[in-house]
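Asks: Please find data-v8.cif (mmCIF, C-alpha atoms) on the next line:
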```
data_structure
loop_
_atom_site.label_atom_id
_atom_site.label_comp_id
_atom_site.auth_asym_id
_atom_site.auth_seq_id
_atom_site.Cartn_x
_atom_site.Cartn_y
_atom_site.Cartn_z
CA MET A 504 15.40 47.92 54.12
CA SER A 505 16.90 46.67 57.37
CA VAL A 506 15.84 49.89 59.14
CA LEU A 507 12.27 49.31 57.99
CA ASP A 508 12.42 45.71 59.24
CA THR A 509 13.65 46.93 62.62
CA ILE A 510 10.82 49.46 62.87
CA VAL A 511 8.22 46.80 61.96
CA GLU A 512 9.73 44.42 64.52
CA VAL A 513 9.57 47.05 67.27
CA LEU A 514 5.97 47.90 66.39
CA VAL A 515 4.88 44.25 66.37
CA SER A 516 6.59 43.38 69.65
CA SER A 517 5.18 46.38 71.60
CA THR A 518 1.79 46.76 73.21
CA SER A 519 -0.85 49.29 72.20
CA THR A 520 0.07 51.66 75.04
CA ASP A 521 3.65 51.74 73.77
CA ILE A 522 2.52 52.60 70.25
CA ILE A 523 0.36 55.45 71.59
CA ALA A 524 3.40 56.67 73.56
CA TYR A 525 5.62 56.64 70.46
CA VAL A 526 3.04 58.63 68.47
CA LEU A 527 2.74 61.16 71.32
CA ILE A 528 6.53 61.52 71.58
CA ILE A 529 6.85 62.26 67.85
CA LEU A 530 3.89 64.69 68.04
CA SER A 531 5.40 66.65 70.90
CA ILE A 532 8.83 66.96 69.22
CA LEU A 533 7.15 68.19 66.02
CA GLY A 534 5.00 70.60 68.04
CA ALA A 535 8.02 72.06 69.80
CA ILE A 536 9.78 72.68 66.47
CA ALA A 537 6.63 74.12 64.86
CA ALA A 538 6.01 76.49 67.77
CA LEU A 539 9.44 78.07 67.40
CA LEU A 540 9.19 78.43 63.61
CA GLN A 541 5.89 80.37 63.62
CA LYS A 542 5.95 84.08 62.79
CA ASP A 543 2.57 84.74 64.44
CA LEU A 544 3.10 84.66 68.22
CA ILE A 545 -0.51 83.77 69.15
CA ARG A 546 -0.36 80.77 66.81
CA ALA A 547 2.94 79.70 68.41
CA THR A 548 1.34 79.93 71.87
CA ILE A 549 -1.59 77.73 70.83
CA ILE A 550 0.82 75.15 69.38
CA VAL A 551 2.71 75.14 72.72
CA GLY A 552 -0.61 74.41 74.46
CA ALA A 553 -1.32 71.48 72.13
CA GLU A 554 2.19 70.12 72.69
CA SER A 555 1.53 70.32 76.41
CA VAL A 556 -1.53 68.05 76.05
CA ALA A 557 0.65 65.38 74.41
CA LEU A 558 3.15 65.83 77.24
CA ALA A 559 0.41 65.30 79.84
CA LEU A 560 -0.59 61.99 78.22
CA ILE A 561 3.09 60.93 78.16
CA PHE A 562 3.25 61.68 81.92
CA HIS A 563 0.21 59.42 82.41
CA ILE A 564 1.88 56.58 80.50
CA LEU A 565 5.07 57.07 82.57
CA LEU A 566 3.14 56.12 85.78
CA ALA A 567 2.56 59.66 87.08
CA PRO A 568 -1.16 60.52 86.78
CA ASP A 569 -1.02 63.43 89.25
CA LEU A 570 1.62 65.07 87.08
CA ALA A 571 -0.64 64.49 84.08
CA LEU A 572 -3.48 66.37 85.79
CA THR A 573 -1.23 69.26 86.83
CA GLN A 574 0.43 69.54 83.43
CA ALA A 575 -2.94 69.44 81.66
CA VAL A 576 -4.29 72.35 83.72
CA VAL A 577 -1.11 74.40 83.84
CA GLY A 578 0.19 73.83 80.33
CA THR A 579 -3.12 74.13 78.52
CA ALA A 580 -4.91 76.96 80.34
CA LEU A 581 -2.58 78.92 82.63
CA LEU A 582 0.64 79.25 80.61
CA PRO A 583 -0.92 80.14 77.20
CA GLY A 584 -3.27 82.53 79.02
CA VAL A 585 -0.36 84.40 80.61
CA ILE A 586 1.60 84.48 77.34
CA ILE A 587 -1.45 85.73 75.39
CA ILE A 588 -2.00 88.53 77.92
CA ALA A 589 1.64 89.56 77.45
CA ILE A 590 1.26 89.45 73.64
CA TYR A 591 -1.85 91.67 73.73
CA LYS A 592 -0.01 94.18 75.88
CA THR A 593 2.92 94.28 73.44
CA ARG A 594 2.96 93.29 69.75
CA ARG A 595 1.51 90.31 67.93
CA THR A 596 3.89 89.64 65.04
CA GLU A 597 7.66 89.30 64.95
CA GLU A 598 9.56 92.26 63.59
CA ASP A 599 12.58 91.96 61.33
CA MET B 1153 16.20 50.22 80.51
CA SER B 1154 12.90 49.53 78.79
CA PRO B 1155 12.30 50.85 75.24
CA LEU B 1156 9.62 53.28 76.39
CA GLN B 1157 12.04 54.75 78.95
CA PHE B 1158 14.69 55.10 76.23
CA TRP B 1159 12.28 57.00 73.97
CA ALA B 1160 11.22 59.21 76.87
CA TYR B 1161 14.87 60.11 77.52
CA LEU B 1162 15.24 60.86 73.80
CA LEU B 1163 12.18 63.13 73.97
CA ALA B 1164 13.68 64.91 76.99
CA ALA B 1165 16.99 65.44 75.18
CA SER B 1166 15.34 66.80 72.07
CA LEU B 1167 13.04 69.13 74.05
CA CYS B 1168 16.06 70.51 75.93
CA ALA B 1169 17.99 70.98 72.67
CA ILE B 1170 15.06 72.71 70.96
CA GLY B 1171 14.51 74.95 73.99
CA ILE B 1172 18.16 76.02 74.21
CA ALA B 1173 18.22 76.65 70.45
CA GLY B 1174 15.09 78.78 70.79
CA MET B 1175 16.64 80.79 73.61
CA LEU B 1176 19.90 81.32 71.71
CA PHE B 1177 19.01 81.80 68.05
CA PHE B 1178 15.68 83.65 68.06
CA ASP B 1179 15.55 87.42 68.32
CA ASN B 1180 12.04 87.94 69.70
CA ILE B 1181 11.82 87.97 73.50
CA ILE B 1182 8.53 86.05 73.65
CA LYS B 1183 10.12 83.34 71.46
CA LYS B 1184 12.89 83.16 74.06
CA VAL B 1185 10.27 82.71 76.80
CA ILE B 1186 8.63 79.89 74.80
CA GLY B 1187 12.05 78.26 74.46
CA PHE B 1188 12.48 78.44 78.24
CA THR B 1189 9.10 76.71 78.66
CA LEU B 1190 10.21 73.89 76.33
CA LEU B 1191 13.48 73.49 78.27
CA SER B 1192 11.55 73.21 81.53
CA ASP B 1193 9.26 70.58 79.98
CA GLY B 1194 12.29 68.58 78.85
CA VAL B 1195 13.74 68.51 82.36
CA ASN B 1196 10.33 67.41 83.73
CA VAL B 1197 10.10 64.50 81.26
CA MET B 1198 13.65 63.38 82.09
CA LEU B 1199 12.97 63.29 85.83
CA THR B 1200 9.65 61.49 85.35
CA ALA B 1201 11.17 58.82 83.09
CA THR B 1202 13.64 58.03 85.90
CA GLY B 1203 10.77 56.70 88.01
CA TYR B 1204 9.22 54.48 85.33
CA LEU B 1205 9.11 50.70 85.84
CA GLU B 1206 8.23 48.29 83.05
CA ARG B 1207 4.90 46.54 83.83
CA GLY B 1208 4.68 48.63 87.00
CA ILE B 1209 1.63 50.16 88.64
CA VAL B 1210 0.75 53.69 89.71
CA PRO B 1211 2.14 54.25 93.26
CA ILE B 1212 -1.16 54.16 95.15
CA VAL B 1213 -1.71 51.45 97.79
CA LEU B 1214 -4.92 49.53 97.10
CA PRO B 1215 -6.83 47.80 99.94
CA GLY B 1216 -5.81 44.18 100.46
CA GLU B 1217 -2.26 44.70 99.18
CA THR B 1218 0.77 43.99 101.36
CA THR B 1219 3.66 46.44 101.55
CA ALA B 1220 6.14 44.01 99.99
CA GLU B 1221 3.96 43.44 96.91
CA PHE B 1222 3.41 47.16 96.55
CA ALA B 1223 7.12 47.98 96.86
CA ALA B 1224 8.05 45.36 94.25
CA ARG B 1225 5.66 46.67 91.57
CA ALA B 1226 5.08 50.39 92.10
CA GLY B 1227 6.88 53.15 90.23
CA LEU B 1228 9.09 55.55 92.15
CA VAL B 1229 7.40 58.36 94.11
CA PHE B 1230 10.30 60.74 94.69
CA PRO B 1231 10.73 62.07 91.08
CA ILE B 1232 6.99 62.81 90.96
CA GLY B 1233 7.31 65.05 94.00
CA ILE B 1234 10.24 66.94 92.48
CA VAL B 1235 8.53 67.39 89.12
CA LEU B 1236 5.27 68.56 90.71
CA THR B 1237 7.22 71.34 92.40
CA ASN B 1238 9.14 72.11 89.22
CA ILE B 1239 5.98 72.58 87.10
CA VAL B 1240 4.65 75.23 89.51
CA ILE B 1241 8.03 76.98 89.78
CA GLY B 1242 8.35 76.99 85.97
CA VAL B 1243 4.98 78.70 85.56
CA SER B 1244 5.76 81.41 88.11
CA THR B 1245 9.21 82.03 86.57
CA THR B 1246 7.62 82.34 83.13
CA ALA B 1247 5.06 84.84 84.48
CA LEU B 1248 7.89 86.93 85.99
CA MET B 1249 9.80 86.88 82.68
CA LEU B 1250 6.68 87.99 80.78
CA ALA B 1251 6.10 90.85 83.24
CA LEU B 1252 9.69 92.04 82.65
CA THR B 1253 9.08 91.71 78.89
CA MET B 1254 6.07 94.03 79.16
CA LYS B 1255 8.14 96.57 81.11
CA LEU B 1256 10.86 96.41 78.42
CA TYR B 1257 8.30 96.96 75.66
CA ARG B 1258 6.85 99.95 77.49
CA LYS B 1259 10.31 101.53 77.79
CA TYR B 1260 11.89 100.72 74.40
CA GLY B 1261 8.87 100.13 72.14
CA THR B 1262 10.19 96.93 70.59
CA LEU B 1263 10.39 93.21 71.33
CA SER B 1264 13.59 92.56 69.38
CA SER B 1265 16.43 91.83 71.79
CA SER B 1266 19.17 93.04 69.41
CA LYS B 1267 17.42 96.43 69.02
CA ILE B 1268 17.06 96.72 72.80
CA LEU B 1269 20.77 95.93 73.24
CA ARG B 1270 21.66 98.58 70.65
CA GLU B 1271 19.47 101.12 72.50
CA VAL B 1272 21.14 100.28 75.81
CA ARG B 1273 24.62 100.79 74.37
#
```
Re-express the file's structure as structure tokens.
Replies:
Amino acid sequence: MSVLDTIVEVLVSSTSTDIIAYVLIILSILGAIAALLQKDLIRATIIVGAESVALALIFHILLAPDLALTQAVVGTALLPGVIIIAIYKTRRTEED
Amino acid sequence: MSPLQFWAYLLAASLCAIGIAGMLFFDNIIKKVIGFTLLSDGVNVMLTATGYLERGIVPIVLPGETTAEFAARAGLVFPIGIVLTNIVIGVSTTALMLALTMKLYRKYGTLSSSKILREVR
């Protein structure tokens, strides 16, 4: 009960930008865990790209908009593209 | 330390922990590369959260603003420069690791690191 009261107090006392930042932080932790637990490697790569979008918005909230632009381009297009090329050259699913 | 900065440090710590766990406990080599990417992201978030100021502004000088006002309110510039370099270096390191992964697959025919180690011995 007291934990719930503390959470409600934090949410009431913070601004809307802070609430967006908390949601993005939780999303990117969940995305990182989900990317590692996938068996299909292409699906894991796409989840890493989505987690990178949340990370770019967190960079923007942390007063670094140029980092947000770089991370959005690099983490969404370049890095999954390179990993997908490597997956097509090798093997798509994990072996036991 | 403002609450947002605290949560950003917590995000950095969990990303680093998840990345190291992915590099240690997963057998597939591409999973290890993804874990390395997550570790690099965690380090970037930690360095960026160092430069955050509560109720601060983006470090760009607007016209009609004196230097003293700007220096009192702007976030720090130095961590941004480091992290901008680190993002680019992380991508090129990941590309090199993936190229070596493709060479390993061409030689051994598998992506499992334990099978490759058994072949080498």
Asks: Per residue of chain A within 9 Å of chain B, which atom pair is closest and at what distance in Å (one decimal), using all atoms listed in the file, listed by chain and increasing number, as a Markdown table?
Replies:
```
| residue | atom | partner | partner_atom | distance |
| --- | --- | --- | --- | --- |
| A:Asp521 | CA | B:Leu1156 | CA | 6.7 |
| A:Ala524 | CA | B:Leu1156 | CA | 7.6 |
| A:Tyr525 | CA | B:Trp1159 | CA | 7.5 |
| A:Ile528 | CA | B:Leu1163 | CA | 6.3 |
| A:Ile529 | CA | B:Leu1163 | CA | 8.2 |
| A:Ser531 | CA | B:Leu1163 | CA | 8.2 |
| A:Ile532 | CA | B:Leu1167 | CA | 6.8 |
| A:Ala535 | CA | B:Leu1190 | CA | 7.1 |
| A:Ile536 | CA | B:Ile1170 | CA | 6.9 |
| A:Ala538 | CA | B:Ile1186 | CA | 8.2 |
| A:Leu539 | CA | B:Gly1174 | CA | 6.6 |
| A:Leu544 | CA | B:Ile1182 | CA | 7.8 |
| A:Ala547 | CA | B:Ile1186 | CA | 8.6 |
| A:Thr548 | CA | B:Ile1186 | CA | 7.9 |
| A:Val551 | CA | B:Ile1186 | CA | 7.9 |
| A:Ser555 | CA | B:Asp1193 | CA | 8.5 |
| A:Leu558 | CA | B:Val1197 | CA | 8.1 |
| A:Ile561 | CA | B:Ala1160 | CA | 8.4 |
| A:Phe562 | CA | B:Thr1200 | CA | 7.3 |
| A:Leu565 | CA | B:Tyr1204 | CA | 5.6 |
| A:Leu566 | CA | B:Val1210 | CA | 5.2 |
| A:Ala567 | CA | B:Ile1232 | CA | 6.7 |
| A:Pro568 | CA | B:Val1210 | CA | 7.7 |
| A:Asp569 | CA | B:Ile1232 | CA | 8.2 |
| A:Leu570 | CA | B:Leu1236 | CA | 6.2 |
| A:Thr573 | CA | B:Leu1236 | CA | 7.6 |
| A:Gln574 | CA | B:Ile1239 | CA | 7.3 |
| A:Val577 | CA | B:Val1243 | CA | 7.7 |
| A:Gly578 | CA | B:Val1243 | CA | 8.6 |
| A:Leu581 | CA | B:Val1243 | CA | 8.1 |
| A:Leu582 | CA | B:Val1243 | CA | 6.6 |
| A:Val585 | CA | B:Ala1247 | CA | 6.7 |
| A:Ile586 | CA | B:Leu1250 | CA | 7.1 |
| A:Ala589 | CA | B:Leu1250 | CA | 6.2 |
| A:Ile590 | CA | B:Ile1182 | CA | 8.0 |
| A:Lys592 | CA | B:Met1254 | CA | 6.9 |
| A:Thr593 | CA | B:Tyr1257 | CA | 6.4 |
| A:Arg594 | CA | B:Leu1263 | CA | 7.6 |
| A:Glu597 | CA | B:Asn1180 | CA | 6.6 |
| A:Glu598 | CA | B:Ser1264 | CA | 7.1 |
| A:Asp599 | CA | B:Ser1264 | CA | 8.1 |
```
Asks: Need the axis-aligned box for region 1198-1210 of chain B with 3 Å each side, so what are the centre and edges in Å to one decimal, as AutoDock Vina command-line options?
Replies:
```
--center_x 7.2 --center_y 55.0 --center_z 85.9 --size_x 18.9 --size_y 22.8 --size_z 13.6
```
Asks: One number please: CA of Ile549 (chain A) to CA of Ile588 (chain A), in Å, one decimal.
Replies: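 We find that CA of Ile549 (chain A) and CA of Ile588 (chain A) lie 12.9 Å from each other.
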Asks: What does the distance between CA of Ala1224 (chain B) and CA of Ser516 (chain A) come to in Å, to one decimal place?
Replies: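 It comes out at 24.7 Å.
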Asks: How many Å lie between CA of Ala557 (chain A) and CA of Phe1158 (chain B), rounded to one decimal?
Replies: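 The value is 17.5 Å.
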Asks: Under the rule that only C-alpha atoms are counted, which of A:Ile587, A:Ala559, A:Leu572, A:Ile522 is the nearest residue to Ile510 (chain A)?
Replies: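 With only C-alpha atoms as the atom set, the closest residue is A:Ile522.
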Asks: When you count only C-alpha atoms, which of these residues is closest to Gly552 (chain A): A:Leu533, A:Ala580, A:Val513, A:Ile564?
Replies: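 Residue with the minimum atom-to-atom distance to Gly552 (chain A): A:Ala580.
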